[in-house]
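Coordinates as given in structure-v9.txt (compact mmCIF, C-alpha atoms (C1' of nucleotides)):
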```txt
# COMPACT_ATOMS: atom_id res chain seq x y z
CA MET H 35 30.82 33.83 123.93
CA ASP H 36 31.51 37.18 125.51
CA ASN H 37 33.63 35.58 128.20
CA GLN H 38 36.31 36.38 125.71
CA ILE H 39 36.86 39.75 127.37
CA LEU H 40 37.86 37.98 130.56
CA PHE H 41 39.87 35.32 128.79
CA ASN H 42 41.95 37.87 126.97
CA ASP H 43 42.67 39.63 130.21
CA LEU H 44 43.67 36.44 132.00
CA GLU H 45 45.94 35.48 129.17
CA LYS H 46 47.53 38.85 128.67
CA ILE H 47 48.11 39.71 132.32
CA ALA H 48 49.03 36.38 133.87
CA GLY H 49 49.44 34.03 130.93
CA LEU H 50 46.69 31.56 131.83
CA SER H 51 46.35 28.75 129.30
CA ARG H 52 43.09 27.95 127.58
CA ASN H 53 42.52 25.06 129.99
CA GLU H 54 43.17 27.22 133.00
CA GLN H 55 40.78 29.84 131.71
CA ASP H 56 38.07 27.22 131.35
CA LEU H 57 38.75 25.87 134.80
CA PHE H 58 38.48 29.35 136.26
CA LEU H 59 35.18 29.79 134.50
CA THR H 60 33.73 26.88 136.45
CA TYR H 61 34.11 28.98 139.59
CA LEU H 62 32.22 31.91 138.16
CA HIS H 63 28.50 32.57 138.14
CA ARG H 64 26.91 34.55 135.39
CA LYS H 65 24.21 37.01 136.30
CA LYS H 66 22.06 39.34 134.25
CA LEU H 67 21.14 42.64 135.80
CA ARG H 68 18.41 45.14 135.12
CA LYS H 69 18.94 48.83 135.12
CA ARG H 70 19.70 50.10 138.64
CA GLN H 71 19.82 46.63 140.12
CA PHE H 72 22.04 46.29 143.16
CA LEU H 73 24.89 43.88 143.62
CA MET H 74 25.56 45.26 147.06
CA GLU H 75 24.14 47.78 149.47
CA GLU H 76 25.43 49.47 152.57
CA GLY H 77 25.43 47.02 155.46
CA ASP H 78 25.88 43.96 153.28
CA ILE H 79 28.82 41.72 153.85
CA ALA H 80 30.71 41.23 150.60
CA THR H 81 30.44 37.66 149.38
CA GLY H 82 32.45 37.99 146.20
CA ILE H 83 33.79 40.13 143.42
CA PHE H 84 32.25 41.06 140.09
CA PHE H 85 33.57 41.09 136.55
CA VAL H 86 31.61 43.29 134.17
CA LEU H 87 30.82 41.48 130.92
CA CYS H 88 28.67 44.24 129.54
CA GLY H 89 27.06 47.35 130.90
CA LEU H 90 28.42 49.83 133.36
CA LEU H 91 28.82 49.35 137.10
CA ARG H 92 28.91 52.06 139.66
CA ILE H 93 30.49 51.91 143.12
CA TYR H 94 29.34 54.63 145.45
CA SER H 95 28.71 55.66 149.01
CA ILE H 96 25.87 57.68 150.50
CA ASP H 97 26.75 60.31 153.06
CA LYS H 98 24.85 61.30 156.16
CA ASN H 99 22.85 63.89 154.21
CA GLY H 100 21.72 61.34 151.68
CA TYR H 101 23.99 62.41 148.84
CA GLU H 102 25.63 59.83 146.61
CA HIS H 103 29.36 59.91 145.93
CA ILE H 104 30.58 57.76 143.10
CA LEU H 105 33.98 56.26 143.82
CA ARG H 106 34.49 54.32 140.64
CA PHE H 107 32.88 53.53 137.34
CA CYS H 108 33.51 50.01 136.11
CA PRO H 109 32.82 49.58 132.41
CA GLU H 110 32.98 46.16 130.81
CA GLY H 111 36.25 44.33 131.34
CA ASN H 112 36.70 45.58 134.91
CA TRP H 113 36.48 43.99 138.32
CA ALA H 114 34.46 45.57 141.07
CA ALA H 115 34.03 44.89 144.78
CA ASP H 116 33.69 46.40 148.18
CA ILE H 117 37.20 45.31 148.97
CA SER H 118 37.16 46.58 152.49
CA SER H 119 34.17 44.46 153.42
CA LEU H 120 35.57 41.52 151.51
CA TYR H 121 38.83 41.83 153.35
CA THR H 122 37.50 42.36 156.85
CA GLY H 123 34.38 40.20 156.61
CA LYS H 124 32.43 43.05 158.18
CA PRO H 125 29.43 44.91 156.76
CA GLY H 126 30.48 47.32 154.04
CA SER H 127 29.55 50.93 153.48
CA LEU H 128 29.29 50.91 149.71
CA TYR H 129 26.65 50.46 147.09
CA ILE H 130 27.31 48.71 143.80
CA ASP H 131 24.75 48.78 141.03
CA MET H 132 24.24 48.71 137.28
CA VAL H 133 23.75 52.00 135.51
CA ASP H 134 21.94 50.33 132.62
CA ALA H 135 21.10 46.70 132.03
CA GLY H 136 24.13 44.47 131.83
CA GLU H 137 25.74 41.24 132.83
CA VAL H 138 28.43 40.23 135.30
CA LEU H 139 30.41 37.22 136.38
CA ILE H 140 30.52 36.63 140.12
CA PHE H 141 33.55 35.08 141.79
CA LEU H 142 32.48 34.02 145.25
CA LYS H 143 34.73 34.45 148.24
CA SER H 144 33.84 30.94 149.30
CA ASP H 145 35.51 29.68 146.14
CA PHE H 146 38.64 31.78 146.49
CA GLU H 147 40.73 29.27 148.36
CA GLU H 148 40.08 26.37 146.06
CA ALA H 149 40.37 28.41 142.91
CA PHE H 150 43.61 30.06 143.96
CA SER H 151 45.16 26.76 144.96
CA LYS H 152 44.20 25.05 141.70
CA LEU H 153 45.12 28.10 139.65
CA PRO H 154 48.15 29.73 141.24
CA LEU H 155 48.45 32.13 138.32
CA LEU H 156 45.27 33.75 139.56
CA GLU H 157 47.28 35.23 142.42
CA ARG H 158 49.40 37.06 139.90
CA TYR H 159 46.38 38.04 137.84
CA PHE H 160 44.67 39.68 140.77
CA ARG H 161 47.88 41.16 142.11
CA ILE H 162 48.36 43.02 138.85
CA THR H 163 44.70 43.90 138.47
CA GLY H 164 44.88 45.40 141.95
CA GLN H 165 47.90 47.46 141.01
CA ARG H 166 45.97 48.99 138.16
CA ILE H 167 43.18 49.96 140.47
CA ILE H 168 45.59 51.48 142.96
CA SER H 169 47.21 53.53 140.27
CA ASP H 170 43.79 54.77 139.12
CA PHE H 171 42.80 55.73 142.64
CA GLN H 172 46.11 57.44 143.16
CA GLU H 173 45.63 59.61 140.13
CA ARG H 174 42.04 60.35 141.02
CA LEU H 175 43.04 61.35 144.52
CA ALA H 176 45.79 63.64 143.25
CA ASP H 177 43.33 65.24 140.83
CA GLY H 178 40.83 65.78 143.61
CA LEU H 179 43.40 67.53 145.76
CA SER H 180 44.88 69.80 143.11
CA LEU H 181 42.44 70.51 140.32
CA SER H 182 39.42 72.76 139.98
CA ALA H 183 35.99 71.34 139.22
CA LEU H 184 36.28 72.28 135.57
CA GLU H 185 39.66 70.62 135.22
CA ARG H 186 38.32 67.51 136.88
CA TYR H 187 35.43 67.50 134.46
CA ASN H 188 37.75 67.77 131.47
CA ASN H 189 39.86 64.98 132.93
CA PHE H 190 36.80 62.85 133.26
CA CYS H 191 35.90 63.43 129.63
CA ASP H 192 39.40 62.45 128.57
CA ARG H 193 39.38 59.31 130.63
CA TYR H 194 35.86 58.10 129.96
CA PRO H 195 34.94 59.52 126.54
CA LYS H 196 32.44 56.73 125.94
CA LEU H 197 30.38 57.61 128.97
CA ILE H 198 29.80 61.24 128.18
CA GLY H 199 26.55 61.08 126.30
CA CYS H 200 25.05 58.02 127.87
CA ILE H 201 24.98 58.53 131.61
CA PRO H 202 23.04 61.14 133.57
CA GLN H 203 25.03 64.29 134.06
CA LYS H 204 24.45 64.12 137.77
CA TYR H 205 26.53 60.93 137.91
CA ILE H 206 29.45 62.83 136.48
CA ALA H 207 28.91 65.60 139.00
CA SER H 208 28.91 63.03 141.77
CA TYR H 209 32.08 61.46 140.44
CA ILE H 210 34.05 64.67 140.18
CA GLY H 211 32.72 65.87 143.49
CA VAL H 212 30.38 68.78 142.78
CA THR H 213 26.62 69.28 142.91
CA PRO H 214 24.60 68.70 139.74
CA GLU H 215 23.57 72.36 139.80
CA PHE H 216 27.11 73.55 139.83
CA LEU H 217 28.23 71.27 137.03
CA SER H 218 25.36 72.51 134.95
CA LYS H 219 26.51 76.07 135.46
CA LEU H 220 30.09 75.14 134.63
CA LEU H 221 29.04 73.64 131.33
CA SER H 222 26.75 76.48 130.35
CA THR H 223 29.52 79.07 130.51
CA PRO H 224 31.69 78.36 127.48
CA GLN H 225 35.08 78.60 129.16
CA ARG H 226 35.64 74.90 128.68
CA LYS H 227 38.97 73.58 127.46
CA SER H 228 40.38 77.10 127.47
CA ARG H 229 42.64 76.38 130.38
CA LEU H 230 46.35 75.61 130.77
CA MET N 246 67.07 42.40 163.57
CA ASP N 247 64.25 44.74 162.69
CA ASN N 248 63.46 42.78 159.55
CA GLN N 249 61.12 41.10 161.93
CA ILE N 250 58.39 43.56 161.01
CA LEU N 251 58.51 42.32 157.44
CA PHE N 252 58.86 38.69 158.43
CA ASN N 253 55.78 38.81 160.59
CA ASP N 254 53.82 40.35 157.76
CA LEU N 255 54.99 37.75 155.25
CA GLU N 256 54.11 34.96 157.63
CA LYS N 257 50.76 36.31 158.69
CA ILE N 258 49.47 37.34 155.29
CA ALA N 259 50.79 34.65 153.00
CA GLY N 260 52.24 32.02 155.30
CA LEU N 261 55.86 32.18 154.13
CA SER N 262 58.13 29.81 156.02
CA ARG N 263 61.27 30.94 157.77
CA ASN N 264 63.37 29.72 154.84
CA GLU N 265 61.24 31.54 152.33
CA GLN N 266 61.47 34.71 154.34
CA ASP N 267 65.25 34.46 154.33
CA LEU N 268 65.32 33.80 150.63
CA PHE N 269 63.14 36.82 149.99
CA LEU N 270 65.53 38.89 152.06
CA THR N 271 68.34 38.14 149.65
CA TYR N 272 66.43 40.09 147.01
CA LEU N 273 66.09 43.16 149.19
CA HIS N 274 68.49 46.03 149.64
CA ARG N 275 68.63 47.92 152.87
CA LYS N 276 69.02 51.67 152.73
CA LYS N 277 69.32 54.31 155.40
CA LEU N 278 67.74 57.65 154.67
CA ARG N 279 68.28 61.11 156.09
CA LYS N 280 65.46 63.45 156.85
CA ARG N 281 63.78 64.66 153.65
CA GLN N 282 65.81 62.37 151.44
CA PHE N 283 64.07 61.35 148.24
CA LEU N 284 63.45 57.84 147.04
CA MET N 285 61.75 59.17 143.94
CA GLU N 286 61.00 62.46 142.29
CA GLU N 287 58.68 63.53 139.53
CA GLY N 288 60.01 62.37 136.19
CA ASP N 289 61.84 59.37 137.60
CA ILE N 290 61.02 55.93 136.32
CA ALA N 291 60.17 53.65 139.21
CA THR N 292 62.77 50.94 139.65
CA GLY N 293 61.31 49.19 142.64
CA ILE N 294 59.16 49.29 145.71
CA PHE N 295 59.98 50.24 149.28
CA PHE N 296 59.26 48.65 152.62
CA VAL N 297 59.53 51.00 155.57
CA LEU N 298 61.57 49.49 158.40
CA CYS N 299 61.54 52.61 160.51
CA GLY N 300 60.63 56.22 160.01
CA LEU N 301 57.80 57.69 158.03
CA LEU N 302 57.48 57.89 154.27
CA ARG N 303 55.44 60.38 152.34
CA ILE N 304 54.06 59.99 148.83
CA TYR N 305 52.98 63.23 147.25
CA SER N 306 52.50 65.17 144.06
CA ILE N 307 53.21 68.81 143.31
CA ASP N 308 50.62 70.72 141.33
CA LYS N 309 51.15 73.37 138.70
CA ASN N 310 51.16 76.11 141.34
CA GLY N 311 53.88 74.42 143.32
CA TYR N 312 51.71 73.13 146.14
CA GLU N 313 52.33 69.68 147.60
CA HIS N 314 49.50 67.18 147.97
CA ILE N 315 50.21 64.19 150.15
CA LEU N 316 48.53 61.06 148.84
CA ARG N 317 49.68 58.62 151.45
CA PHE N 318 51.69 58.36 154.63
CA CYS N 319 53.58 55.11 155.01
CA PRO N 320 54.69 54.45 158.58
CA GLU N 321 56.91 51.49 159.35
CA GLY N 322 55.57 48.18 158.18
CA ASN N 323 54.12 49.56 154.95
CA TRP N 324 55.04 49.28 151.31
CA ALA N 325 55.33 52.35 149.14
CA ALA N 326 55.78 52.92 145.42
CA ASP N 327 54.77 54.98 142.46
CA ILE N 328 52.75 52.08 141.16
CA SER N 329 51.66 53.81 138.03
CA SER N 330 55.24 54.39 136.90
CA LEU N 331 56.24 50.93 138.00
CA TYR N 332 53.41 49.44 136.02
CA THR N 333 53.79 51.45 132.82
CA GLY N 334 57.56 51.84 132.84
CA LYS N 335 57.08 55.51 132.09
CA PRO N 336 58.26 58.52 134.13
CA GLY N 337 56.12 59.01 137.21
CA SER N 338 54.54 62.12 138.61
CA LEU N 339 55.06 61.47 142.30
CA TYR N 340 57.58 62.27 144.97
CA ILE N 341 58.49 59.85 147.73
CA ASP N 342 60.61 60.96 150.65
CA MET N 343 61.36 60.42 154.32
CA VAL N 344 59.76 62.75 156.79
CA ASP N 345 62.44 62.07 159.39
CA ALA N 346 65.47 59.84 159.23
CA GLY N 347 64.64 56.20 158.70
CA GLU N 348 65.43 53.01 156.90
CA VAL N 349 63.84 51.07 154.06
CA LEU N 350 64.17 47.82 152.20
CA ILE N 351 64.18 48.13 148.43
CA PHE N 352 62.73 45.41 146.23
CA LEU N 353 63.94 46.07 142.71
CA LYS N 354 61.71 45.58 139.72
CA SER N 355 64.57 43.80 137.99
CA ASP N 356 64.38 41.13 140.67
CA PHE N 357 60.61 40.72 140.54
CA GLU N 358 60.50 37.93 138.01
CA GLU N 359 63.06 35.73 139.67
CA ALA N 360 61.77 36.36 143.17
CA PHE N 361 58.16 35.69 142.24
CA SER N 362 59.05 32.50 140.43
CA LYS N 363 61.14 31.17 143.30
CA LEU N 364 58.64 32.35 145.89
CA PRO N 365 55.16 31.91 144.46
CA LEU N 366 53.63 32.86 147.78
CA LEU N 367 54.87 36.38 147.18
CA GLU N 368 52.17 36.78 144.57
CA ARG N 369 49.59 36.21 147.24
CA TYR N 370 51.41 38.43 149.70
CA PHE N 371 51.40 41.36 147.35
CA ARG N 372 47.91 40.67 146.10
CA ILE N 373 46.61 41.01 149.63
CA THR N 374 48.84 43.94 150.49
CA GLY N 375 47.46 45.67 147.42
CA GLN N 376 43.91 45.02 148.53
CA ARG N 377 44.62 46.77 151.79
CA ILE N 378 45.91 49.80 149.98
CA ILE N 379 42.91 49.88 147.69
CA SER N 380 40.58 49.75 150.61
CA ASP N 381 42.44 52.61 152.29
CA PHE N 382 42.28 54.71 149.16
CA GLN N 383 38.62 53.93 148.76
CA GLU N 384 37.85 55.16 152.23
CA ARG N 385 40.01 58.23 151.80
CA LEU N 386 38.31 59.08 148.55
CA ALA N 387 34.86 58.70 150.07
CA ASP N 388 35.88 60.90 152.98
CA GLY N 389 37.20 63.56 150.62
CA LEU N 390 33.93 63.63 148.71
CA SER N 391 31.57 63.72 151.65
CA LEU N 392 33.20 65.20 154.76
CA SER N 393 34.06 68.70 155.85
CA ALA N 394 37.63 69.73 156.54
CA LEU N 395 37.12 69.40 160.27
CA GLU N 396 35.69 65.93 159.94
CA ARG N 397 38.57 64.89 157.74
CA TYR N 398 40.98 66.22 160.32
CA ASN N 399 39.32 64.26 163.08
CA ASN N 400 39.39 61.18 160.89
CA PHE N 401 43.07 61.70 160.34
CA CYS N 402 43.68 61.91 164.06
CA ASP N 403 41.76 58.69 164.60
CA ARG N 404 43.64 56.85 161.90
CA TYR N 405 47.14 58.13 162.56
CA PRO N 406 47.22 59.01 166.26
CA LYS N 407 50.97 58.49 166.45
CA LEU N 408 51.69 61.11 163.84
CA ILE N 409 49.85 63.95 165.47
CA GLY N 410 52.56 65.56 167.51
CA CYS N 411 55.55 64.66 165.43
CA ILE N 412 54.96 65.88 161.90
CA PRO N 413 54.58 69.48 160.75
CA GLN N 414 50.99 70.59 160.82
CA LYS N 415 51.20 71.64 157.21
CA TYR N 416 51.67 68.01 156.20
CA ILE N 417 48.36 67.19 157.78
CA ALA N 418 46.77 70.10 155.98
CA SER N 419 48.18 68.84 152.72
CA TYR N 420 46.92 65.33 153.42
CA ILE N 421 43.37 66.34 154.22
CA GLY N 422 43.29 68.82 151.38
CA VAL N 423 43.24 72.28 152.93
CA THR N 424 45.72 75.14 153.20
CA PRO N 425 47.93 75.33 156.31
CA GLU N 426 46.33 78.66 157.19
CA PHE N 427 42.87 77.22 157.14
CA LEU N 428 43.77 74.19 159.25
CA SER N 429 45.33 76.53 161.78
CA LYS N 430 42.08 78.45 161.99
CA LEU N 431 40.07 75.26 162.33
CA LEU N 432 42.14 74.14 165.27
CA SER N 433 42.13 77.47 167.04
CA THR N 434 38.33 77.56 167.29
CA PRO N 435 37.48 74.96 169.90
CA GLN N 436 34.60 73.27 168.07
CA ARG N 437 36.66 70.12 167.65
CA LYS N 438 35.14 66.72 168.25
CA SER N 439 31.80 68.29 168.97
CA ARG N 440 30.08 66.54 166.10
CA LEU N 441 28.05 63.33 166.27
C1' DC B 274 73.12 86.64 165.93
C1' DG B 275 70.13 86.59 161.74
C1' DC B 276 68.04 83.64 158.59
C1' DG B 277 64.46 80.48 157.13
C1' DA B 278 60.71 77.39 158.27
C1' DC B 279 56.57 77.18 160.61
C1' DG B 280 52.27 78.45 162.77
C1' DT B 281 49.00 82.20 163.57
C1' DT B 282 45.75 85.86 162.61
C1' DG B 283 43.10 89.17 159.91
C1' DA B 284 40.92 91.19 155.66
C1' DT B 285 39.22 90.07 151.47
C1' DT B 286 37.78 87.16 147.67
C1' DT B 287 35.93 83.18 145.41
C1' DG B 288 34.56 78.55 144.18
C1' DC B 289 31.11 75.96 145.20
C1' DC B 290 26.81 74.89 147.89
C1' DT B 291 21.90 75.51 149.24
C1' DC B 292 17.42 76.30 148.31
C1' DA B 293 13.81 77.21 145.33
C1' DA B 294 11.47 77.56 141.09
C1' DC B 295 10.78 76.16 136.36
C1' DG B 296 10.64 73.58 131.72
C1' DA B 297 11.51 69.30 129.29
C1' DT B 298 11.34 64.55 129.17
C1' DT B 299 9.95 60.06 130.44
C1' DG B 300 7.14 56.70 132.24
C1' DT B 301 2.81 55.04 134.25
C1' DG B 302 -1.79 54.06 135.30
C1' DG B 303 -6.52 54.99 134.39
C1' DC P 274 -4.74 58.50 124.72
C1' DC P 275 -4.18 61.73 128.16
C1' DA P 276 -3.29 63.38 133.14
C1' DC P 277 0.00 62.63 136.54
C1' DA P 278 4.11 61.93 138.98
C1' DA P 279 8.95 61.41 138.82
C1' DT P 280 13.38 62.47 137.11
C1' DC P 281 16.56 65.43 135.11
C1' DG P 282 18.83 69.57 133.67
C1' DT P 283 18.75 74.61 134.08
C1' DT P 284 18.78 79.15 136.19
C1' DG P 285 18.91 82.63 139.87
C1' DA P 286 19.58 84.62 144.61
C1' DG P 287 21.99 84.24 148.52
C1' DG P 288 25.29 82.11 151.77
C1' DC P 289 29.25 79.74 153.48
C1' DA P 290 33.55 77.13 153.57
C1' DA P 291 37.83 77.55 152.22
C1' DA P 292 41.46 80.05 149.41
C1' DT P 293 44.43 84.00 148.87
C1' DC P 294 47.44 87.47 150.34
C1' DA P 295 49.88 89.77 153.69
C1' DA P 296 51.81 90.68 158.12
C1' DC P 297 53.67 89.09 162.33
C1' DG P 298 55.71 86.15 166.32
C1' DT P 299 58.26 82.15 167.39
C1' DC P 300 61.45 78.80 167.23
C1' DG P 301 65.49 76.00 165.82
C1' DC P 302 69.66 76.28 163.63
C1' DG P 303 73.84 77.55 160.82
```
Here is the file; what I need is its structure written in the form of structure tokens.
Amino acid sequence: MDNQILFNDLEKIAGLSRNEQDLFLTYLHRKKLRKRQFLMEEGDIATGIFFVLCGLLRIYSIDKNGYEHILRFCPEGNWAADISSLYTGKPGSLYIDMVDAGEVLIFLKSDFEEAFSKLPLLERYFRITGQRIISDFQERLADGLSLSALERYNNFCDRYPKLIGCIPQKYIASYIGVTPEFLSKLLSTPQRKSRL
Amino acid sequence: MDNQILFNDLEKIAGLSRNEQDLFLTYLHRKKLRKRQFLMEEGDIATGIFFVLCGLLRIYSIDKNGYEHILRFCPEGNWAADISSLYTGKPGSLYIDMVDAGEVLIFLKSDFEEAFSKLPLLERYFRITGQRIISDFQERLADGLSLSALERYNNFCDRYPKLIGCIPQKYIASYIGVTPEFLSKLLSTPQRKSRL
DNA sequence: CGCGACGTTGATTTGCCTCAACGATTGTGG
DNA sequence: CCACAATCGTTGAGGCAAATCAACGTCGCG
């Protein structure tokens, strides 16, 4: 059972017992996804949050000129959501989809109250999971404000070494905030990793 | 007592009773701060988190060229921390200081365990507070990737109208990710608010 | 008063974007 | 099995947003 990824996390972060893990599982819905299948699109109201069992999830927005901007990659073992829509109950502005085929667990908002009350440790689990995400965003934001495109690219490679070969280069460009054309030019001139 | 700001938040978000609020208060330390006084500097290990009672807090990093990049403004009623250092226990890379004189409550990491176990609702309170921060960061990140400097400035004005007159303009420049010189030029040409 | 912080303005440079064209690859339907 | 379209990366010419560097005026403050 590949729920083990989640179980380990629940145990390690918040100390949920085996029984509690199983109980939590009863609130989750498993869903297989094809390549490029959406979990959410702009205008949708978030109904839950997603745990990636396998595959790679992508959270992004589309600007007024039609360009995609990837806010976060969520490889297996991560939670993903349009938190702002979830929190406000209003239509969101984000897209969430699978890069390649994969599988997620869905934790529906409508089950939150009951699950949290029966499993108080979940509060802690998601508090700490949220902290991790904040600290990621914080670092990403700082990088965006202070580093050049090439440095951001190198950072990306350091942080997500597994993704390098297996996602389209334009996704990386979108993530680090440059056009695909420009990233291509960056990589063709062999000044990489020469910095400091 | 201006702890009321915190009490209201605790009550509204997680439903803490009056007694619980008072108990939580016993874990907090009040501290007055002068203008530009630091709560944390790069290299420090985070020992706790800060609730702003009055004044304005600033979380920022300094890049290798010595330029400041403001990641977050925390007006009164907000929590601030170098979460990454707090989480890992390692030296952080951020600075946190007061823009003008103010006052904070400090919740020490060493008190976390006891406070959370005596006040389980705190888990929920901080889970939800964290979600808010994530959703702010998410929006900020999306703005940074897709908007022009002028649009980001206008966004800033919309989101923090109270700050406009009373903080140095260069802080705003740092927050939206441009040089002070360039922001000055933006504002001198009267194309503001003309878009959409 | 004179110093330092801040905002402004101008000249110049540059990092990155835009647009357009092209080859390589993949997938798809006939 | 082969045309065809679609997607992706690449390359080049040109343009623009924003940075850099420097000088200057203003203000608050020791």
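Remark: for chain P, the closest of the candidate residues N:Leu432, N:Leu395, N:Ile417, N:Ile294 is N:Leu395 (distances computed over only C-alpha atoms (C1' of nucleotides)).
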Kindly provide the residues of chain P that approach chain H to within 10 Å, each paired with its closest atom pair and their distance in Å to one decimal, based on all atoms listed in the file, listed by chain and increasing number, as a Markdown table.
```
| residue | atom | partner | partner_atom | distance |
| --- | --- | --- | --- | --- |
| P:DC281 | C1' | H:Pro202 | CA | 7.9 |
| P:DG282 | C1' | H:Ser218 | CA | 7.3 |
| P:DT283 | C1' | H:Ser218 | CA | 7.0 |
| P:DT284 | C1' | H:Lys219 | CA | 8.4 |
```
Residues as selected, C-alpha atoms (C1' of nucleotides), written as a compact mmCIF listing (two decimals), in the coordinates of the input, can you do that?
```
# COMPACT_ATOMS: atom_id res chain seq x y z
C1' DC P 281 16.56 65.43 135.11
C1' DG P 282 18.83 69.57 133.67
C1' DT P 283 18.75 74.61 134.08
C1' DT P 284 18.78 79.15 136.19
```
Exercise answer, chain H residues close to chain B, 10 Å and only C-alpha atoms (C1' of nucleotides), as a VMD selection string: chain H and resid 182 to 183 212 to 213 215 to 217
For the interface of chain H with chain N (cut-off 7 Å, counting all atoms listed in the file), please tabulate each contacting residue of chain H alongside its nearest pair of atoms and their separation in Å to one decimal, rows sorted by chain and increasing number, as JSON lines.
```
{"residue": "H:Ser95", "atom": "CA", "partner": "N:Ala387", "partner_atom": "CA", "distance": 6.9}
{"residue": "H:Asp97", "atom": "CA", "partner": "N:Ser391", "partner_atom": "CA", "distance": 6.1}
{"residue": "H:His103", "atom": "CA", "partner": "N:Leu390", "partner_atom": "CA", "distance": 6.5}
{"residue": "H:Leu105", "atom": "CA", "partner": "N:Ala387", "partner_atom": "CA", "distance": 6.8}
{"residue": "H:Ile117", "atom": "CA", "partner": "N:Ser380", "partner_atom": "CA", "distance": 5.8}
{"residue": "H:Ser118", "atom": "CA", "partner": "N:Ser380", "partner_atom": "CA", "distance": 5.0}
{"residue": "H:Glu157", "atom": "CA", "partner": "N:Arg369", "partner_atom": "CA", "distance": 5.4}
{"residue": "H:Arg158", "atom": "CA", "partner": "N:Glu368", "partner_atom": "CA", "distance": 5.4}
{"residue": "H:Phe160", "atom": "CA", "partner": "N:Arg372", "partner_atom": "CA", "distance": 6.3}
{"residue": "H:Arg161", "atom": "CA", "partner": "N:Arg372", "partner_atom": "CA", "distance": 4.0}
{"residue": "H:Gly164", "atom": "CA", "partner": "N:Gly375", "partner_atom": "CA", "distance": 6.1}
{"residue": "H:Gln165", "atom": "CA", "partner": "N:Gly375", "partner_atom": "CA", "distance": 6.7}
{"residue": "H:Ile168", "atom": "CA", "partner": "N:Ile379", "partner_atom": "CA", "distance": 5.7}
{"residue": "H:Ser169", "atom": "CA", "partner": "N:Ser329", "partner_atom": "CA", "distance": 5.0}
{"residue": "H:Phe171", "atom": "CA", "partner": "N:Phe382", "partner_atom": "CA", "distance": 6.6}
{"residue": "H:Leu175", "atom": "CA", "partner": "N:Leu386", "partner_atom": "CA", "distance": 6.6}
{"residue": "H:Ala176", "atom": "CA", "partner": "N:Leu316", "partner_atom": "CA", "distance": 6.7}
{"residue": "H:Leu179", "atom": "CA", "partner": "N:Gly422", "partner_atom": "CA", "distance": 5.8}
{"residue": "H:Ser180", "atom": "CA", "partner": "N:Asp308", "partner_atom": "CA", "distance": 6.1}
{"residue": "H:Gly211", "atom": "CA", "partner": "N:Leu390", "partner_atom": "CA", "distance": 5.8}
```
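Across the model, the gap from CA of Leu431 in chain N to C1' of DA286 in chain P is 28.7 Å.
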Separation of CA of Thr434 in chain N from C1' of DC289 in chain P, in Å and rounded to one decimal: 16.7 Å
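Picture a line from CA of Asn112 in chain H to CA of Met74 in chain H; it runs 16.5 Å.
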Residues within 8 Å of (27.1, 47.9, 131.7), file coords, all atoms listed in the file, listed as JSON, numbers by chain: {"H": [86, 87, 88, 89, 90, 91, 109, 110, 132, 133, 134, 135, 136, 137]}
